[in-house]
Every structure is written in structure tokens, then in C-alpha cells.
>>> print(open('query_14.txt').read())   # compact mmCIF, C-alpha atoms
# COMPACT_ATOMS: atom_id res chain seq x y z
CA MET A 1 0.00 0.00 0.00
CA ASN A 2 1.40 3.39 -0.99
CA ALA A 3 2.14 5.97 1.66
CA PRO A 4 0.28 9.26 1.15
CA LEU A 5 1.78 11.39 -1.59
CA PRO A 6 3.67 14.34 -0.08
CA ARG A 7 2.98 17.90 -1.17
CA THR A 8 6.66 18.72 -1.73
CA THR A 9 9.92 16.92 -2.52
CA SER A 10 13.45 17.74 -3.63
CA VAL A 11 13.26 15.63 -6.80
CA LEU A 12 10.20 14.18 -8.50
CA VAL A 13 10.82 11.32 -10.91
CA VAL A 14 8.00 10.62 -13.36
CA GLY A 15 8.19 7.06 -14.66
CA ALA A 16 9.22 3.89 -12.83
CA GLY A 17 10.88 2.02 -15.67
CA PRO A 18 14.57 1.11 -15.53
CA ALA A 19 15.76 4.69 -16.10
CA GLY A 20 13.43 6.25 -13.52
CA LEU A 21 14.22 3.62 -10.90
CA THR A 22 17.97 4.00 -11.45
CA ALA A 23 17.75 7.78 -11.07
CA ALA A 24 15.73 7.40 -7.88
CA ILE A 25 18.21 4.90 -6.40
CA THR A 26 21.22 7.15 -7.00
CA LEU A 27 19.38 10.11 -5.47
CA ALA A 28 18.12 8.18 -2.44
CA ASP A 29 21.63 6.80 -1.85
CA ALA A 30 22.88 10.41 -1.75
CA GLY A 31 20.32 11.30 0.90
CA VAL A 32 18.09 13.30 -1.45
CA ASP A 33 14.35 13.39 -0.79
CA VAL A 34 12.93 11.77 -3.95
CA VAL A 35 9.40 10.83 -4.99
CA VAL A 36 8.64 8.47 -7.91
CA LEU A 37 5.29 8.54 -9.71
CA ASP A 38 4.12 6.04 -12.32
CA ARG A 39 0.92 5.95 -14.33
CA LEU A 40 0.60 2.14 -14.14
CA ALA A 41 -1.15 0.41 -11.25
CA GLU A 42 1.67 -2.15 -11.08
CA GLY A 43 5.16 -2.64 -12.45
CA ALA A 44 6.07 -4.36 -15.69
CA ASN A 45 4.92 -7.96 -16.02
CA THR A 46 6.15 -8.53 -19.57
CA SER A 47 9.70 -8.99 -20.79
CA ARG A 48 10.04 -6.17 -23.36
CA ALA A 49 13.73 -5.10 -23.28
CA ALA A 50 15.72 -8.25 -22.50
CA VAL A 51 19.37 -7.33 -23.15
CA VAL A 52 21.71 -5.96 -20.48
CA HIS A 53 25.13 -5.05 -21.84
CA ALA A 54 28.52 -5.06 -20.10
CA ARG A 55 28.66 -1.30 -19.50
CA THR A 56 25.23 -1.35 -17.88
CA LEU A 57 26.30 -4.20 -15.61
CA GLU A 58 29.31 -2.12 -14.58
CA VAL A 59 26.96 0.74 -13.68
CA LEU A 60 24.59 -1.57 -11.81
CA ALA A 61 27.55 -3.10 -9.95
CA GLU A 62 28.20 0.35 -8.46
CA LEU A 63 24.65 0.17 -7.07
CA GLY A 64 25.27 -3.33 -5.71
CA ILE A 65 22.73 -5.16 -7.88
CA ALA A 66 24.65 -6.58 -10.85
CA ASP A 67 25.23 -9.93 -9.13
CA GLU A 68 21.53 -10.36 -8.34
CA LEU A 69 20.59 -9.62 -11.94
CA ILE A 70 23.22 -12.03 -13.25
CA LEU A 71 21.78 -14.81 -11.07
CA ARG A 72 18.43 -14.34 -12.79
CA GLY A 73 19.71 -14.11 -16.36
CA ILE A 74 21.65 -16.10 -18.93
CA GLN A 75 25.14 -15.09 -20.04
CA VAL A 76 25.61 -14.95 -23.81
CA PRO A 77 29.24 -14.40 -24.89
CA ARG A 78 28.80 -13.87 -28.64
CA PHE A 79 26.80 -12.04 -31.28
CA THR A 80 26.45 -13.48 -34.78
CA LEU A 81 25.20 -12.24 -38.14
CA HIS A 82 23.59 -14.64 -40.59
CA ASP A 83 22.13 -14.64 -44.07
CA GLY A 84 20.03 -17.78 -44.25
CA ALA A 85 22.18 -20.75 -43.27
CA ARG A 86 25.42 -18.81 -43.81
CA THR A 87 27.19 -17.22 -40.83
CA LEU A 88 28.74 -13.95 -41.99
CA ALA A 89 30.36 -12.71 -38.79
CA THR A 90 30.91 -13.72 -35.18
CA ILE A 91 31.58 -11.07 -32.54
CA GLU A 92 33.03 -12.44 -29.28
CA PHE A 93 32.68 -10.56 -25.99
CA GLY A 94 34.89 -12.93 -23.98
CA ASN A 95 38.10 -10.90 -24.26
CA LEU A 96 36.62 -7.50 -23.42
CA PRO A 97 38.32 -5.67 -20.50
CA THR A 98 35.35 -5.83 -18.17
CA PRO A 99 34.20 -8.05 -15.31
CA TYR A 100 31.17 -8.82 -17.51
CA PRO A 101 32.49 -10.11 -20.87
CA TYR A 102 29.08 -11.12 -22.20
CA THR A 103 25.57 -9.95 -22.93
CA LEU A 104 23.14 -10.78 -20.13
CA MET A 105 19.71 -11.87 -21.31
CA THR A 106 17.05 -11.18 -18.69
CA PRO A 107 13.46 -9.96 -19.16
CA GLN A 108 12.70 -6.33 -18.38
CA ASP A 109 10.21 -7.22 -15.65
CA THR A 110 13.04 -9.03 -13.85
CA THR A 111 15.35 -6.03 -14.24
CA GLU A 112 12.66 -3.70 -12.91
CA ALA A 113 11.93 -6.01 -9.96
CA VAL A 114 15.61 -6.01 -8.95
CA LEU A 115 15.82 -2.23 -9.28
CA LEU A 116 12.61 -1.74 -7.30
CA GLU A 117 13.86 -3.96 -4.48
CA ARG A 118 17.06 -1.89 -4.40
CA LEU A 119 15.04 1.34 -4.26
CA HIS A 120 13.11 0.00 -1.29
CA LYS A 121 16.40 -0.78 0.47
CA ALA A 122 17.44 2.84 -0.11
CA GLY A 123 14.23 3.98 1.57
CA GLY A 124 12.30 4.91 -1.58
CA GLN A 125 9.09 3.68 -3.13
CA VAL A 126 6.95 4.09 -6.25
CA HIS A 127 3.57 5.81 -5.95
CA ARG A 128 0.94 4.34 -8.31
CA PRO A 129 -1.11 5.06 -10.33
CA TYR A 130 -0.65 8.77 -10.85
CA VAL A 131 -1.00 10.41 -14.27
CA VAL A 132 0.88 13.68 -14.69
CA THR A 133 -1.26 16.18 -16.59
CA ARG A 134 0.62 19.47 -16.38
CA ILE A 135 3.91 20.94 -15.21
CA ALA A 136 4.82 24.56 -14.54
CA GLN A 137 8.23 25.97 -13.66
CA GLU A 138 7.91 28.89 -11.29
CA ASN A 139 9.55 30.39 -8.21
CA ASP A 140 12.69 28.24 -8.32
CA GLY A 141 10.82 24.96 -8.59
CA VAL A 142 8.37 22.86 -10.57
CA THR A 143 4.69 22.38 -9.80
CA VAL A 144 3.28 19.12 -11.14
CA GLU A 145 -0.44 18.48 -11.50
CA TYR A 146 -1.66 14.89 -11.49
CA THR A 147 -4.74 12.66 -11.44
CA ASP A 148 -4.91 9.65 -9.13
CA ALA A 149 -6.64 6.28 -9.50
CA ALA A 150 -9.97 7.69 -8.29
CA GLY A 151 -9.85 10.54 -10.78
CA ALA A 152 -9.07 13.12 -8.11
CA THR A 153 -6.58 15.86 -8.99
CA GLY A 154 -3.71 17.23 -6.96
CA THR A 155 -0.33 18.91 -7.12
CA ILE A 156 3.17 18.20 -5.88
CA ARG A 157 5.97 20.71 -5.75
CA ALA A 158 9.59 19.74 -6.50
CA ASP A 159 12.92 21.51 -6.72
CA TYR A 160 13.70 19.42 -9.81
CA LEU A 161 11.73 17.13 -12.09
CA ILE A 162 13.09 14.11 -14.01
CA GLY A 163 10.98 12.93 -16.94
CA ALA A 164 11.58 9.21 -17.40
CA ASP A 165 8.05 8.65 -18.68
CA GLY A 166 8.77 7.03 -22.02
CA MET A 167 8.54 7.89 -25.69
CA HIS A 168 5.22 9.72 -25.31
CA SER A 169 6.59 11.74 -22.40
CA THR A 170 4.17 14.23 -20.92
CA VAL A 171 7.06 15.85 -19.08
CA ARG A 172 9.00 16.42 -22.31
CA GLU A 173 5.96 17.82 -24.10
CA GLN A 174 5.00 20.08 -21.20
CA ALA A 175 8.58 21.36 -20.97
CA GLY A 176 8.42 22.33 -24.65
CA ILE A 177 11.32 20.11 -25.71
CA GLY A 178 11.24 18.88 -29.30
CA PHE A 179 11.70 15.22 -30.22
CA THR A 180 13.39 15.22 -33.59
CA GLY A 181 13.43 12.16 -35.85
CA ASP A 182 11.15 9.85 -37.77
CA THR A 183 9.28 6.55 -37.69
CA TYR A 184 10.29 3.33 -39.44
CA PRO A 185 7.68 2.30 -42.04
CA ALA A 186 7.57 -1.33 -40.90
CA SER A 187 6.12 -2.56 -37.64
CA PHE A 188 8.15 -4.62 -35.19
CA VAL A 189 7.10 -7.99 -33.77
CA LEU A 190 8.29 -8.76 -30.26
CA ALA A 191 7.66 -12.25 -28.90
CA ASP A 192 8.86 -14.65 -26.23
CA VAL A 193 8.44 -18.20 -27.44
CA ARG A 194 9.27 -21.79 -26.68
CA MET A 195 10.81 -23.40 -29.71
CA ALA A 196 13.33 -25.77 -31.18
CA TRP A 197 16.16 -23.60 -32.53
CA PRO A 198 19.27 -24.97 -34.26
CA ILE A 199 21.66 -22.20 -33.09
CA ALA A 200 23.45 -22.63 -29.76
CA ARG A 201 22.06 -20.84 -26.69
CA ASP A 202 25.33 -19.03 -26.12
CA GLU A 203 24.77 -16.50 -28.90
CA VAL A 204 22.44 -13.74 -30.00
CA ALA A 205 21.74 -14.18 -33.71
CA LEU A 206 20.91 -11.34 -36.11
CA HIS A 207 19.42 -12.62 -39.37
CA LEU A 208 19.67 -10.42 -42.45
CA SER A 209 16.85 -10.61 -44.95
CA PRO A 210 15.24 -8.33 -47.56
CA GLU A 211 11.92 -9.14 -45.85
CA GLY A 212 13.16 -7.57 -42.62
CA VAL A 213 15.62 -7.75 -39.74
CA THR A 214 15.20 -10.64 -37.29
CA VAL A 215 16.96 -11.16 -33.97
CA VAL A 216 16.74 -14.37 -31.94
CA ALA A 217 18.22 -14.60 -28.45
CA PRO A 218 17.97 -17.12 -25.61
CA LEU A 219 16.05 -16.22 -22.46
CA PRO A 220 16.65 -17.71 -19.01
CA ASP A 221 14.63 -20.85 -18.47
CA ASP A 222 14.78 -23.23 -15.52
CA ALA A 223 12.81 -25.94 -17.29
CA GLU A 224 13.46 -27.04 -20.87
CA SER A 225 15.97 -24.40 -22.05
CA ASP A 226 13.81 -23.68 -25.08
CA ARG A 227 12.71 -20.11 -24.31
CA TYR A 228 13.75 -17.42 -26.80
CA ARG A 229 13.16 -13.78 -27.62
CA VAL A 230 12.27 -13.01 -31.24
CA VAL A 231 12.34 -9.45 -32.63
CA ALA A 232 11.46 -8.94 -36.29
CA THR A 233 10.39 -6.21 -38.67
CA VAL A 234 7.18 -6.99 -40.54
CA ALA A 235 5.37 -4.75 -43.01
CA GLU A 236 2.05 -5.15 -41.21
CA ALA A 237 2.08 -7.35 -38.13
CA SER A 238 -0.98 -8.51 -36.23
CA GLU A 239 -1.54 -6.93 -32.82
CA HIS A 240 -0.63 -10.14 -30.97
CA PRO A 241 1.45 -12.37 -33.28
CA THR A 242 0.70 -16.07 -32.99
CA ALA A 243 2.95 -19.13 -33.08
CA GLU A 244 2.07 -19.49 -36.76
CA ASP A 245 3.15 -15.88 -37.42
CA ILE A 246 6.52 -16.38 -35.71
CA GLN A 247 7.04 -19.73 -37.44
CA ALA A 248 6.44 -18.12 -40.84
CA ILE A 249 8.98 -15.36 -40.09
CA LEU A 250 11.67 -17.82 -39.00
CA ASP A 251 10.99 -20.18 -41.88
CA ALA A 252 11.47 -17.33 -44.36
CA ARG A 253 14.47 -15.65 -42.72
CA GLY A 254 16.08 -18.12 -40.33
CA PRO A 255 18.96 -20.56 -40.67
CA GLY A 256 16.88 -23.49 -41.88
CA GLY A 257 17.03 -26.82 -40.14
CA ASP A 258 14.83 -27.76 -37.22
CA VAL A 259 12.92 -24.59 -36.30
CA ARG A 260 9.63 -25.37 -34.54
CA VAL A 261 7.74 -22.72 -32.58
CA ARG A 262 5.81 -24.64 -29.90
CA GLU A 263 4.27 -21.84 -27.86
CA VAL A 264 4.05 -18.06 -27.71
CA LEU A 265 4.43 -16.95 -24.09
CA TRP A 266 3.90 -13.27 -24.85
CA SER A 267 3.83 -11.17 -28.00
CA SER A 268 3.26 -7.64 -29.12
CA ARG A 269 3.42 -5.38 -32.14
CA PHE A 270 4.80 -1.86 -32.08
CA ARG A 271 6.05 0.93 -34.28
CA VAL A 272 9.63 2.04 -33.81
CA HIS A 273 10.80 5.62 -33.98
CA HIS A 274 14.32 6.98 -34.21
CA ARG A 275 14.28 10.25 -32.32
CA VAL A 276 16.40 12.27 -29.89
CA ALA A 277 15.19 15.09 -27.66
CA ASP A 278 16.44 18.48 -28.82
CA ARG A 279 17.55 19.20 -25.24
CA TYR A 280 17.95 17.06 -22.14
CA ARG A 281 17.26 19.95 -19.82
CA ALA A 282 14.83 22.87 -19.69
CA GLY A 283 15.51 24.79 -16.51
CA ARG A 284 14.69 22.47 -13.62
CA VAL A 285 13.25 19.74 -15.86
CA LEU A 286 15.53 16.95 -17.09
CA LEU A 287 14.92 13.93 -19.32
CA ALA A 288 16.24 10.37 -19.19
CA GLY A 289 15.59 7.07 -20.97
CA ASP A 290 12.98 6.76 -23.71
CA ALA A 291 11.73 10.27 -22.94
CA ALA A 292 15.08 11.46 -24.31
CA HIS A 293 15.79 8.96 -27.10
CA VAL A 294 14.14 6.08 -28.96
CA HIS A 295 15.49 3.93 -31.77
CA SER A 296 15.52 0.55 -33.48
CA PRO A 297 15.85 -2.44 -31.13
CA ALA A 298 18.71 -3.77 -33.27
CA GLY A 299 21.64 -4.31 -30.92
CA GLY A 300 19.52 -4.07 -27.77
CA GLN A 301 20.79 -0.59 -26.86
CA GLY A 302 17.68 1.24 -25.63
CA MET A 303 17.15 0.27 -21.99
CA ASN A 304 20.91 0.18 -21.46
CA THR A 305 21.36 3.74 -22.66
CA GLY A 306 18.50 4.87 -20.41
CA ILE A 307 19.95 3.24 -17.29
CA GLN A 308 23.31 4.85 -18.03
CA ASP A 309 21.59 8.24 -18.51
CA ALA A 310 20.05 7.97 -15.06
CA ALA A 311 23.25 6.79 -13.39
CA THR A 312 24.96 9.93 -14.73
CA LEU A 313 22.12 12.32 -13.92
CA GLY A 314 21.35 11.27 -10.34
CA PRO A 315 24.78 12.01 -8.82
CA LEU A 316 25.04 15.34 -10.70
CA LEU A 317 21.66 16.42 -9.41
CA ALA A 318 22.56 15.35 -5.87
CA ARG A 319 25.67 17.54 -6.04
CA VAL A 320 23.61 20.55 -7.15
CA LEU A 321 21.15 19.99 -4.32
CA ALA A 322 24.12 19.85 -1.94
CA GLY A 323 25.09 23.36 -2.97
CA GLU A 324 27.18 23.11 -6.13
CA PRO A 325 26.30 25.45 -9.06
CA GLN A 326 23.23 24.56 -11.11
CA THR A 327 25.37 24.88 -14.24
CA LEU A 328 26.83 21.50 -13.25
CA LEU A 329 23.70 20.00 -14.78
CA ASP A 330 24.86 21.15 -18.22
CA GLU A 331 27.39 18.31 -18.03
CA TYR A 332 24.52 15.82 -18.22
CA GLU A 333 23.36 16.83 -21.69
CA ALA A 334 26.93 17.39 -22.87
CA THR A 335 27.83 13.85 -21.79
CA ARG A 336 24.74 11.83 -22.59
CA ARG A 337 23.04 13.43 -25.61
CA PRO A 338 25.96 12.68 -27.98
CA VAL A 339 25.77 9.05 -26.81
CA ALA A 340 22.08 8.90 -27.77
CA VAL A 341 22.73 10.53 -31.15
CA GLU A 342 25.37 7.88 -31.89
CA VAL A 343 23.15 5.03 -30.66
CA VAL A 344 20.31 6.18 -32.91
CA ALA A 345 22.67 6.42 -35.89
CA PHE A 346 24.28 3.04 -35.12
CA THR A 347 21.01 1.14 -34.75
CA ASP A 348 19.62 2.86 -37.85
CA ARG A 349 22.65 1.72 -39.85
CA MET A 350 22.25 -1.83 -38.53
CA THR A 351 18.56 -1.88 -39.47
CA LYS A 352 19.12 -0.54 -42.99
CA MET A 353 22.11 -2.85 -43.54
CA ALA A 354 20.10 -5.87 -42.44
CA THR A 355 17.19 -5.20 -44.78
CA LEU A 356 18.91 -4.43 -48.08
CA ARG A 357 16.78 -5.66 -50.98
CA PRO A 358 18.82 -5.49 -54.24
CA ARG A 359 20.68 -8.75 -54.75
CA VAL A 360 23.93 -7.01 -55.77
CA ALA A 361 23.84 -4.83 -52.64
CA ARG A 362 23.22 -7.88 -50.43
CA LEU A 363 26.11 -9.79 -51.98
CA ALA A 364 28.42 -6.80 -51.48
CA ARG A 365 27.25 -6.45 -47.88
CA ASN A 366 27.81 -10.12 -47.13
CA THR A 367 31.28 -10.07 -48.66
CA ALA A 368 32.22 -6.96 -46.69
CA LEU A 369 30.92 -8.36 -43.41
CA SER A 370 32.63 -11.69 -43.90
CA THR A 371 35.94 -10.06 -44.85
CA LEU A 372 36.00 -7.30 -42.23
CA SER A 373 34.96 -9.59 -39.40
CA ARG A 374 38.14 -11.61 -39.91
CA ILE A 375 40.22 -8.59 -38.86
CA PRO A 376 40.78 -8.80 -35.07
CA ALA A 377 40.84 -5.02 -34.53
CA ILE A 378 37.48 -4.61 -36.24
CA ARG A 379 35.93 -7.50 -34.32
CA THR A 380 37.13 -5.95 -31.06
CA ARG A 381 35.82 -2.52 -32.03
CA LEU A 382 32.38 -3.95 -32.81
CA ALA A 383 32.35 -5.88 -29.55
CA PHE A 384 33.22 -2.68 -27.64
CA ARG A 385 30.44 -0.83 -29.47
CA LEU A 386 27.76 -3.46 -28.89
CA ALA A 387 28.74 -3.83 -25.22
CA GLU A 388 28.52 0.01 -24.89
CA LEU A 389 31.99 0.12 -23.36
CA THR A 390 32.76 3.06 -25.66
CA THR A 391 30.53 5.20 -23.41
CA ARG A 392 32.69 4.83 -20.30
>>> encode(input="query_14.txt", output="C-alpha cells")
Amino acid sequence: MNAPLPRTTSVLVVGAGPAGLTAAITLADAGVDVVVLDRLAEGANTSRAAVVHARTLEVLAELGIADELILRGIQVPRFTLHDGARTLATIEFGNLPTPYPYTLMTPQDTTEAVLLERLHKAGGQVHRPYVVTRIAQENDGVTVEYTDAAGATGTIRADYLIGADGMHSTVREQAGIGFTGDTYPASFVLADVRMAWPIARDEVALHLSPEGVTVVAPLPDDAESDRYRVVATVAEASEHPTAEDIQAILDARGPGGDVRVREVLWSSRFRVHHRVADRYRAGRVLLAGDAAHVHSPAGGQGMNTGIQDAATLGPLLARVLAGEPQTLLDEYEATRRPVAVEVVAFTDRMTKMATLRPRVARLARNTALSTLSRIPAIRTRLAFRLAELTTR
């Protein structure tokens, strides 16, 4: 049961996804009075983002929760690119200079549960469900209007406001911050399935196809070790793709061999944008996570970038609240917005490269990938980039 919502706080975080929870943890650890609001009546119960990269694990280790997350996930030490049955490139993470030389596959609801438990240990909580309707910056603070579960309205006053409320961020819109970019024409299928899959469970496989990009990755499974995440672009996907839909995608684009989708555990369809907020700060309002950047799921960079945003922002904001100049907050945008711009460009290049249609262009792409991936320096550079270690 939520405690009553206070009338004032030092920092109000809107959104209790991975970015919002991480920001709240870093602030609570610094002794800052922080309140977290979320519009949902309960936390995530679907897997959504399922990739946690090495750099994010390094960040979460500083909060003391990387080990717990690792216990609940599956370590995947390589990333492969395929065209049909042909393997074009293999990127190994095992030699990276990090305590976490792998990709960790764990569903987003698990990640959020671990973060929420850590927030509780820091003395914080999430207040639900509260829908933010309006914000106003005035008199050295921010007044936030909201509606609660019963439809009653109220306000809360904060010294600073963090918008971690997703792609359709009310905070961003109310702060007058633009969200520049575009939308991919195809829809994306996201599904967790049980299936027979001929590729080993120690790799994430990206399948190139003129019909669309397809990624298949193992998910943790205590039972039959046959649980996988499938992400695929489809011209017009059904709202809740079925086992038959996923089977057809993998038959057309996969490696061949024994691919049998037995059960869909959860599935969804969504449109993907590639956008970056024009600013990360407007006065006392700051953005983090999907409120600040969204992009193709190729490479599994989104949630990771958001967690790293928050882990940078929280300590900076705590220092300002402790008396350091407010201009210190300019470092946040200067540090993190270029990262988002590069992530959007990188994932866009991956998506376009994976879906080339002309046969000559595909042959040239395959030859280039196969040739370049044999060069150790290039393999290492790609591994660094995918693991997000370049953002240290």
C-alpha cells in the first residue's frame, strides 16, 4: 500500500521504468528526498527489453545489484550475423576488458523487480497510479499536476523534475522540448516463445533478410531451455502475433534446419521511432531514458542507454542539491546526448544494412561483413560498441 503522496519533494521522478528507478536509487543513496510517480497500477509484467550489456552491468555493480541480476539471467558471450544458413560474422565478448564479458539476457520485468527492491532498500518507493497532466516551472521549482486512481486531482511541488516517462513523455511535451526524428515504415514484432532452434544458446543471432531484420536470443529458463526472444520487422504485423506468425517469419528468414515454434508466451506489435530530444534539460526539468531517445531495437541498446543516462544524472543532481552550481547539470546533456545521437545512428545503420533488398547490394554487404569480421581489430571494435563500453 502506498504511503500518502507528499505535497513537496526535492526531486520528483515521473516514470518507474529502468531509467526512472535507477535515477531514484542514485538520489536516495545520496540522501536526497525523492518521490517516484508512475501511471501504471503495477510494475512491468512482460519482458520487453531483454538485453543488459557489459557497461550497464558495470553501472549496476556500483549500485550493488549486478550480481543479483546475473543470477536471474543467462550469459551470452557472442553475437552473430547470418544470411540464411550462412554465418557472416561472429563477434566475441569474452576478451573484453570488463568483469562482464558477455551480454546478459534477462526480461525487463526481472530487471525492474531487482531495481525496485534496491530502491526499497534505499528507503524509496513508487507511488501508483498517478497520471501527470501538467507541469509549470515557477519560483525556483516545478509544480506538477496529477490525477490519481480515483480521478481526483492534486499537485506536488519539486525543486527538480526528471521525466523518465517514455517515448510519449508528458514531461517532455509540457517542458516544450522537441523530439526530432522519424518513424520506421515497418512494424516490429516482439515475442517470447518456446521453440526448437538450431543455433546454440550461447549467442544472439541477427538474421539479415530483404523481408526484414530478425533477432533471436535465448532467455533464461529453468525448465526445458527452449525459451527465446524473437524481434522482427514486418510490413504489417498482427496486434498479438501467434505461433504461426513467428514460425512463418523464421521459416522465411532463419537458418533453416529444425525450427519449430511450440508456444508463444507473450507477443506484441509496435512501431519504432528513431528520435532524440532536442535538449535534455529545460531549466529544472531533465529527461532520461525513452523520454530522451528512442530507436531501433537492433543491438539491444535502448534500456541500457537509459539506465546509463540515469546513473549519470542522479549524482550530478545530488551535487547541485548539496550546494554546487546549477550549471553542473549542463554536463549531463553534454555527456549523454551525444551518446544517444550515436546510438540512434548506429542502430539505424544496422537496421538498414540488415534489410537491403537489391541482390547485388546484399552480396556486397555479405562479402564486406565476412571479410572485415576476420580482422581482429574490427571484431574488437564492434564488440566494444555493442557492449557500450565506448561510453565509459
>>> closest_residue(input="query_14.txt", among="A:Pro185, A:Trp266, A:Ile199, A:Asp251", to="Thr233 in chain A", atoms="only C-alpha atoms")
A:Pro185
>>> residues_around(input="query_14.txt", residues="Val35 in chain A", least_positions_apart="3", cutoff="8 Å", atoms="only C-alpha atoms", output="VMD selection string")
chain A and resid 9 11 to 13 24 124 to 127
>>> closest_residue(input="query_14.txt", among="A:Ala291, A:Val320, A:Leu5, A:Ala282", to="Thr180 in chain A", atoms="only C-alpha atoms")
A:Ala291
>>> residues_around(input="query_14.txt", residues="Val264 in chain A", least_positions_apart="6", cutoff="12 Å", atoms="all atoms listed in the file", output="MDAnalysis selection string")
chainID A and resid 190:195 226:230 240:247
>>> closest_atom_pairs(input="query_14.txt", of="range 146-250 of chain A", to="range 62-78 of chain A", cutoff="8 Å", atoms="all atoms listed in the file", output="CSV")
residue,atom,partner,partner_atom,distance
A:Arg201,CA,A:Val76,CA,7.5
A:Asp202,CA,A:Val76,CA,4.7
A:Glu203,CA,A:Arg78,CA,4.8
A:Val204,CA,A:Arg78,CA,6.5
A:Pro218,CA,A:Ile74,CA,7.7
A:Leu219,CA,A:Ile74,CA,6.6
A:Pro220,CA,A:Ile74,CA,5.3
>>> build_atoms(input="query_14.txt", residues="range 112-126 of chain A", atoms="N, CA, C and O atoms", output="compact mmCIF listing (two decimals), in the frame of the given file")
# COMPACT_ATOMS: atom_id res chain seq x y z
N GLU A 112 13.40 -4.69 -13.69
CA GLU A 112 12.66 -3.70 -12.91
C GLU A 112 12.41 -4.19 -11.48
O GLU A 112 12.46 -3.40 -10.53
N ALA A 113 12.16 -5.47 -11.31
CA ALA A 113 11.93 -6.01 -9.96
C ALA A 113 13.18 -5.87 -9.10
O ALA A 113 13.11 -5.52 -7.92
N VAL A 114 14.35 -6.14 -9.69
CA VAL A 114 15.61 -6.01 -8.95
C VAL A 114 15.88 -4.55 -8.60
O VAL A 114 16.28 -4.22 -7.48
N LEU A 115 15.64 -3.65 -9.54
CA LEU A 115 15.82 -2.23 -9.28
C LEU A 115 14.84 -1.73 -8.22
O LEU A 115 15.23 -0.94 -7.33
N LEU A 116 13.60 -2.18 -8.28
CA LEU A 116 12.61 -1.74 -7.30
C LEU A 116 12.97 -2.21 -5.89
O LEU A 116 12.86 -1.44 -4.92
N GLU A 117 13.43 -3.45 -5.78
CA GLU A 117 13.86 -3.96 -4.48
C GLU A 117 15.02 -3.12 -3.94
O GLU A 117 15.07 -2.80 -2.74
N ARG A 118 15.92 -2.73 -4.82
CA ARG A 118 17.06 -1.89 -4.40
C ARG A 118 16.58 -0.51 -3.97
O ARG A 118 17.10 0.07 -3.00
N LEU A 119 15.59 0.05 -4.65
CA LEU A 119 15.04 1.34 -4.26
C LEU A 119 14.41 1.26 -2.87
O LEU A 119 14.59 2.16 -2.04
N HIS A 120 13.70 0.18 -2.62
CA HIS A 120 13.11 0.00 -1.29
C HIS A 120 14.20 -0.04 -0.22
O HIS A 120 14.04 0.54 0.87
N LYS A 121 15.30 -0.71 -0.50
CA LYS A 121 16.40 -0.78 0.47
C LYS A 121 17.00 0.60 0.73
O LYS A 121 17.52 0.87 1.82
N ALA A 122 16.93 1.48 -0.27
CA ALA A 122 17.44 2.84 -0.11
C ALA A 122 16.42 3.75 0.57
O ALA A 122 16.71 4.94 0.78
N GLY A 123 15.25 3.20 0.89
CA GLY A 123 14.23 3.98 1.57
C GLY A 123 13.21 4.62 0.67
O GLY A 123 12.36 5.40 1.14
N GLY A 124 13.25 4.31 -0.63
CA GLY A 124 12.30 4.91 -1.58
C GLY A 124 11.18 3.97 -1.93
O GLY A 124 11.18 2.79 -1.57
N GLN A 125 10.19 4.50 -2.63
CA GLN A 125 9.09 3.68 -3.13
C GLN A 125 8.51 4.33 -4.38
O GLN A 125 8.84 5.47 -4.71
N VAL A 126 7.64 3.58 -5.07
CA VAL A 126 6.95 4.09 -6.25
C VAL A 126 5.48 4.31 -5.89
O VAL A 126 4.83 3.41 -5.35
